[in-house]
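Containing PDB, C-alpha atoms: target.pdb.
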```pdb
ATOM      1  CA  MET A   1      71.141  69.565  95.344  1.00  0.00           C
ATOM      2  CA  TRP A   2      73.224  71.802  97.600  1.00  0.00           C
ATOM      3  CA  LYS A   3      75.599  72.498  94.688  1.00  0.00           C
ATOM      4  CA  GLU A   4      72.654  73.793  92.680  1.00  0.00           C
ATOM      5  CA  ALA A   5      71.583  76.009  95.576  1.00  0.00           C
ATOM      6  CA  ILE A   6      75.087  77.468  95.856  1.00  0.00           C
ATOM      7  CA  ALA A   7      75.267  78.038  92.105  1.00  0.00           C
ATOM      8  CA  ILE A   8      71.884  79.802  92.089  1.00  0.00           C
ATOM      9  CA  SER A   9      72.907  81.900  95.082  1.00  0.00           C
ATOM     10  CA  LEU A  10      76.149  82.975  93.387  1.00  0.00           C
ATOM     11  CA  LEU A  11      74.295  83.768  90.175  1.00  0.00           C
ATOM     12  CA  LEU A  12      71.737  85.918  92.013  1.00  0.00           C
ATOM     13  CA  THR A  13      74.453  87.707  93.978  1.00  0.00           C
ATOM     14  CA  GLY A  14      76.326  88.495  90.775  1.00  0.00           C
ATOM     15  CA  ALA A  15      73.163  89.729  89.074  1.00  0.00           C
ATOM     16  CA  ALA A  16      72.291  91.934  92.039  1.00  0.00           C
ATOM     17  CA  THR A  17      75.793  93.401  92.085  1.00  0.00           C
ATOM     18  CA  PHE A  18      75.659  94.076  88.358  1.00  0.00           C
ATOM     19  CA  ALA A  19      72.197  95.659  88.612  1.00  0.00           C
ATOM     20  CA  ALA A  20      73.240  97.854  91.523  1.00  0.00           C
ATOM     21  CA  ALA A  21      76.235  99.120  89.598  1.00  0.00           C
ATOM     22  CA  GLY A  22      74.071 101.360  87.406  1.00  0.00           C
ATOM     23  CA  SER A  23      74.051 102.001  83.704  1.00  0.00           C
ATOM     24  CA  ALA A  24      76.777 103.882  81.889  1.00  0.00           C
ATOM     25  CA  GLY A  25      74.351 106.804  81.490  1.00  0.00           C
ATOM     26  CA  GLU A  26      73.633 106.920  85.215  1.00  0.00           C
ATOM     27  CA  VAL A  27      77.339 106.807  86.054  1.00  0.00           C
ATOM     28  CA  SER A  28      78.086 109.565  83.534  1.00  0.00           C
ATOM     29  CA  ARG A  29      75.261 111.789  84.802  1.00  0.00           C
ATOM     30  CA  GLY A  30      76.376 111.074  88.391  1.00  0.00           C
ATOM     31  CA  HIS A  31      79.921 112.135  87.509  1.00  0.00           C
ATOM     32  CA  ASP A  32      78.611 115.352  85.936  1.00  0.00           C
ATOM     33  CA  LEU A  33      76.486 116.039  89.018  1.00  0.00           C
ATOM     34  CA  ALA A  34      79.450 115.405  91.338  1.00  0.00           C
ATOM     35  CA  GLU A  35      81.570 117.700  89.208  1.00  0.00           C
ATOM     36  CA  ARG A  36      78.994 120.516  89.499  1.00  0.00           C
ATOM     37  CA  ARG A  37      77.918 120.050  93.127  1.00  0.00           C
ATOM     38  CA  CYS A  38      80.786 118.319  94.965  1.00  0.00           C
ATOM     39  CA  ALA A  39      84.140 118.868  93.236  1.00  0.00           C
ATOM     40  CA  SER A  40      84.814 122.293  94.734  1.00  0.00           C
ATOM     41  CA  CYS A  41      85.454 120.496  98.063  1.00  0.00           C
ATOM     42  CA  HIS A  42      85.634 116.727  97.407  1.00  0.00           C
ATOM     43  CA  SER A  43      87.912 114.811  95.097  1.00  0.00           C
ATOM     44  CA  ILE A  44      85.712 113.085  92.549  1.00  0.00           C
ATOM     45  CA  GLY A  45      88.569 111.284  90.826  1.00  0.00           C
ATOM     46  CA  GLU A  46      90.202 107.968  91.489  1.00  0.00           C
ATOM     47  CA  THR A  47      93.490 109.407  92.772  1.00  0.00           C
ATOM     48  CA  ASN A  48      93.545 113.188  93.264  1.00  0.00           C
ATOM     49  CA  ALA A  49      93.327 114.950  96.641  1.00  0.00           C
ATOM     50  CA  SER A  50      90.226 116.858  97.737  1.00  0.00           C
ATOM     51  CA  PRO A  51      90.466 120.655  97.318  1.00  0.00           C
ATOM     52  CA  ASN A  52      89.198 120.958 100.903  1.00  0.00           C
ATOM     53  CA  ARG A  53      91.429 118.768 103.059  1.00  0.00           C
ATOM     54  CA  LEU A  54      88.502 118.159 105.449  1.00  0.00           C
ATOM     55  CA  ALA A  55      86.269 116.810 102.675  1.00  0.00           C
ATOM     56  CA  PRO A  56      86.794 113.086 102.085  1.00  0.00           C
ATOM     57  CA  PRO A  57      87.387 111.942  98.516  1.00  0.00           C
ATOM     58  CA  LEU A  58      84.153 110.503  97.121  1.00  0.00           C
ATOM     59  CA  ARG A  59      86.075 107.348  96.178  1.00  0.00           C
ATOM     60  CA  ASN A  60      86.374 106.562  99.909  1.00  0.00           C
ATOM     61  CA  LEU A  61      82.702 106.930 100.863  1.00  0.00           C
ATOM     62  CA  TYR A  62      82.101 103.189 100.422  1.00  0.00           C
ATOM     63  CA  ARG A  63      84.560 102.636 103.281  1.00  0.00           C
ATOM     64  CA  GLN A  64      82.571 104.875 105.617  1.00  0.00           C
ATOM     65  CA  TYR A  65      78.965 104.153 104.596  1.00  0.00           C
ATOM     66  CA  PRO A  66      76.982 101.580 102.697  1.00  0.00           C
ATOM     67  CA  VAL A  67      76.605 103.763  99.593  1.00  0.00           C
ATOM     68  CA  ASP A  68      72.997 102.677  98.975  1.00  0.00           C
ATOM     69  CA  ALA A  69      72.139 103.808 102.519  1.00  0.00           C
ATOM     70  CA  LEU A  70      72.912 107.399 101.452  1.00  0.00           C
ATOM     71  CA  GLN A  71      69.811 107.481  99.205  1.00  0.00           C
ATOM     72  CA  PRO A  72      67.379 108.793 101.870  1.00  0.00           C
ATOM     73  CA  ALA A  73      69.857 111.473 102.940  1.00  0.00           C
ATOM     74  CA  PHE A  74      70.252 112.663  99.347  1.00  0.00           C
ATOM     75  CA  LEU A  75      66.466 112.720  98.869  1.00  0.00           C
ATOM     76  CA  ASN A  76      65.636 114.446 102.163  1.00  0.00           C
ATOM     77  CA  GLY A  77      68.529 116.849 102.417  1.00  0.00           C
ATOM     78  CA  LEU A  78      72.038 115.813 103.278  1.00  0.00           C
ATOM     79  CA  GLU A  79      73.295 117.513 106.419  1.00  0.00           C
ATOM     80  CA  VAL A  80      76.584 116.909 108.163  1.00  0.00           C
ATOM     81  CA  GLY A  81      78.098 118.258 111.324  1.00  0.00           C
ATOM     82  CA  HIS A  82      80.276 121.008 109.877  1.00  0.00           C
ATOM     83  CA  ARG A  83      79.341 124.414 108.565  1.00  0.00           C
ATOM     84  CA  ASP A  84      81.207 124.236 105.254  1.00  0.00           C
ATOM     85  CA  MET A  85      79.049 121.435 103.858  1.00  0.00           C
ATOM     86  CA  PRO A  86      75.981 122.962 102.205  1.00  0.00           C
ATOM     87  CA  ARG A  87      72.571 121.337 102.702  1.00  0.00           C
ATOM     88  CA  PHE A  88      71.149 120.098  99.449  1.00  0.00           C
ATOM     89  CA  ILE A  89      68.345 117.890  98.207  1.00  0.00           C
ATOM     90  CA  LEU A  90      68.579 115.837  95.024  1.00  0.00           C
ATOM     91  CA  THR A  91      65.805 114.632  92.732  1.00  0.00           C
ATOM     92  CA  PRO A  92      65.141 110.876  92.603  1.00  0.00           C
ATOM     93  CA  GLN A  93      66.951 110.631  89.236  1.00  0.00           C
ATOM     94  CA  GLU A  94      69.930 112.593  90.568  1.00  0.00           C
ATOM     95  CA  VAL A  95      70.088 110.226  93.548  1.00  0.00           C
ATOM     96  CA  THR A  96      70.104 107.216  91.216  1.00  0.00           C
ATOM     97  CA  ASP A  97      72.847 108.834  89.166  1.00  0.00           C
ATOM     98  CA  ILE A  98      75.097 109.866  92.079  1.00  0.00           C
ATOM     99  CA  ILE A  99      74.727 106.458  93.743  1.00  0.00           C
ATOM    100  CA  ALA A 100      75.701 104.780  90.452  1.00  0.00           C
ATOM    101  CA  PHE A 101      78.740 107.072  90.232  1.00  0.00           C
ATOM    102  CA  LEU A 102      79.753 106.345  93.832  1.00  0.00           C
ATOM    103  CA  HIS A 103      79.470 102.607  93.167  1.00  0.00           C
ATOM    104  CA  ASP A 104      81.585 103.050  90.043  1.00  0.00           C
ATOM    105  CA  LEU A 105      84.366 104.629  92.130  1.00  0.00           C
ATOM    106  CA  ASN A 106      84.534 101.582  94.403  1.00  0.00           C
ATOM    107  CA  PRO A 107      87.409  99.372  93.205  1.00  0.00           C
ATOM    108  CA  CYS A 108      86.017  96.448  95.186  1.00  0.00           C
ATOM    109  CA  ARG A 109      82.989  96.280  92.875  1.00  0.00           C
ATOM    110  CA  LYS A 110      85.136  95.851  89.763  1.00  0.00           C
ATOM    111  CA  PRO A 111      86.623  92.478  88.893  1.00  0.00           C
ATOM    112  CA  SER A 112      90.304  92.902  88.251  1.00  0.00           C
ATOM    113  CA  SER A 113      93.502  90.977  87.879  1.00  0.00           C
ATOM    114  CA  ASP A 114      95.371  94.255  88.498  1.00  0.00           C
ATOM    115  CA  ASP A 115      97.244  93.881  91.785  1.00  0.00           C
ATOM    116  CA  ALA A 116      97.416  97.666  92.268  1.00  0.00           C
ATOM    117  CA  ALA A 117      93.627  97.971  91.892  1.00  0.00           C
ATOM    118  CA  MET A 118      93.023  95.228  94.417  1.00  0.00           C
ATOM    119  CA  ALA A 119      95.535  96.768  96.820  1.00  0.00           C
ATOM    120  CA  GLN A 120      93.604 100.047  96.556  1.00  0.00           C
ATOM    121  CA  CYS A 121      90.419  98.169  97.415  1.00  0.00           C
ATOM    122  CA  PHE A 122      91.853  97.004 100.716  1.00  0.00           C
ATOM    123  CA  ALA A 123      94.193  99.925 101.467  1.00  0.00           C
ATOM    124  CA  PRO A 124      93.742 102.001 104.633  1.00  0.00           C
ATOM    125  CA  MET A 125      91.702 105.174 104.233  1.00  0.00           C
ATOM    126  CA  GLU A 126      93.556 108.355 103.339  1.00  0.00           C
TER     127      GLU A 126
END
```
Re-express the file's structure as structure tokens.
Amino acid sequence: MWKEAIAISLLLTGAATFAAAGSAGEVSRGHDLAERRCASCHSIGETNASPNRLAPPLRNLYRQYPVDALQPAFLNGLEVGHRDMPRFILTPQEVTDIIAFLHDLNPCRKPSSDDAAMAQCFAPME
């Protein structure tokens, strides 16, 4: 009985992780949005440096925040404590898309047998 409960729990966890990852369309639209609204300061790629050295690469946000917890901030107007970051508000669809893109950048959410990818998952922040 307990084996069945564990199996069901693992199945539900995997399904929730897959569902939270977002569709390919959401990830693509999120990338396009990040390119238009974020890339002048933040790195939106998997390896490149941010144009503004004070702006963290988007690929590292999962290390600083639970990415899903950023949804209200994106909907209500993201404000941070420095003057260079503009205040902006996203539509609900844009929030879904950017969250999907941010999840897609997280190497820890992607199954891999690639040692370098897994090392990146657990590497210290840049």
Exercise for review: For the structure provided, state which residues fall under the PyMOL selection byres ((chain A and resi 51-66) around 8), and present them as an MDAnalysis selection string.
Suggested key: chainID A and resid 39:46 49:50 67:70 102:103 105:106 125
Point to revise | Answer key for the PyMOL selection byres ((chain A and resi 37) around 12), residues as an MDAnalysis selection string | key: chainID A and resid 30:36 38:44 85:90 94 98
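Comparing A:Gly77, A:Asn48, A:Ser23, A:Gln71 by their smallest distance to A:Ile99, the closest is A:Gln71 (using only C-alpha atoms).
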Point to revise | Nearest to A:Thr47, chosen from A:Asp115, A:Ala100, A:Phe74, A:Pro107, with all atoms listed in the file counted in the distances | key: A:Pro107
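The interatomic distance for the pair atom CA of A:Ser28 and atom CA of A:Asn76 works out to 22.9 Å.
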Practice item. Kindly give the distance, in Å, that separates atom CA of A:Cys108 and atom CA of A:Thr91, rounded to a single decimal. Key: 27.3 Å
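The interatomic distance for the pair atom CA of A:Val95 and atom CA of A:Val27 works out to 11.0 Å.
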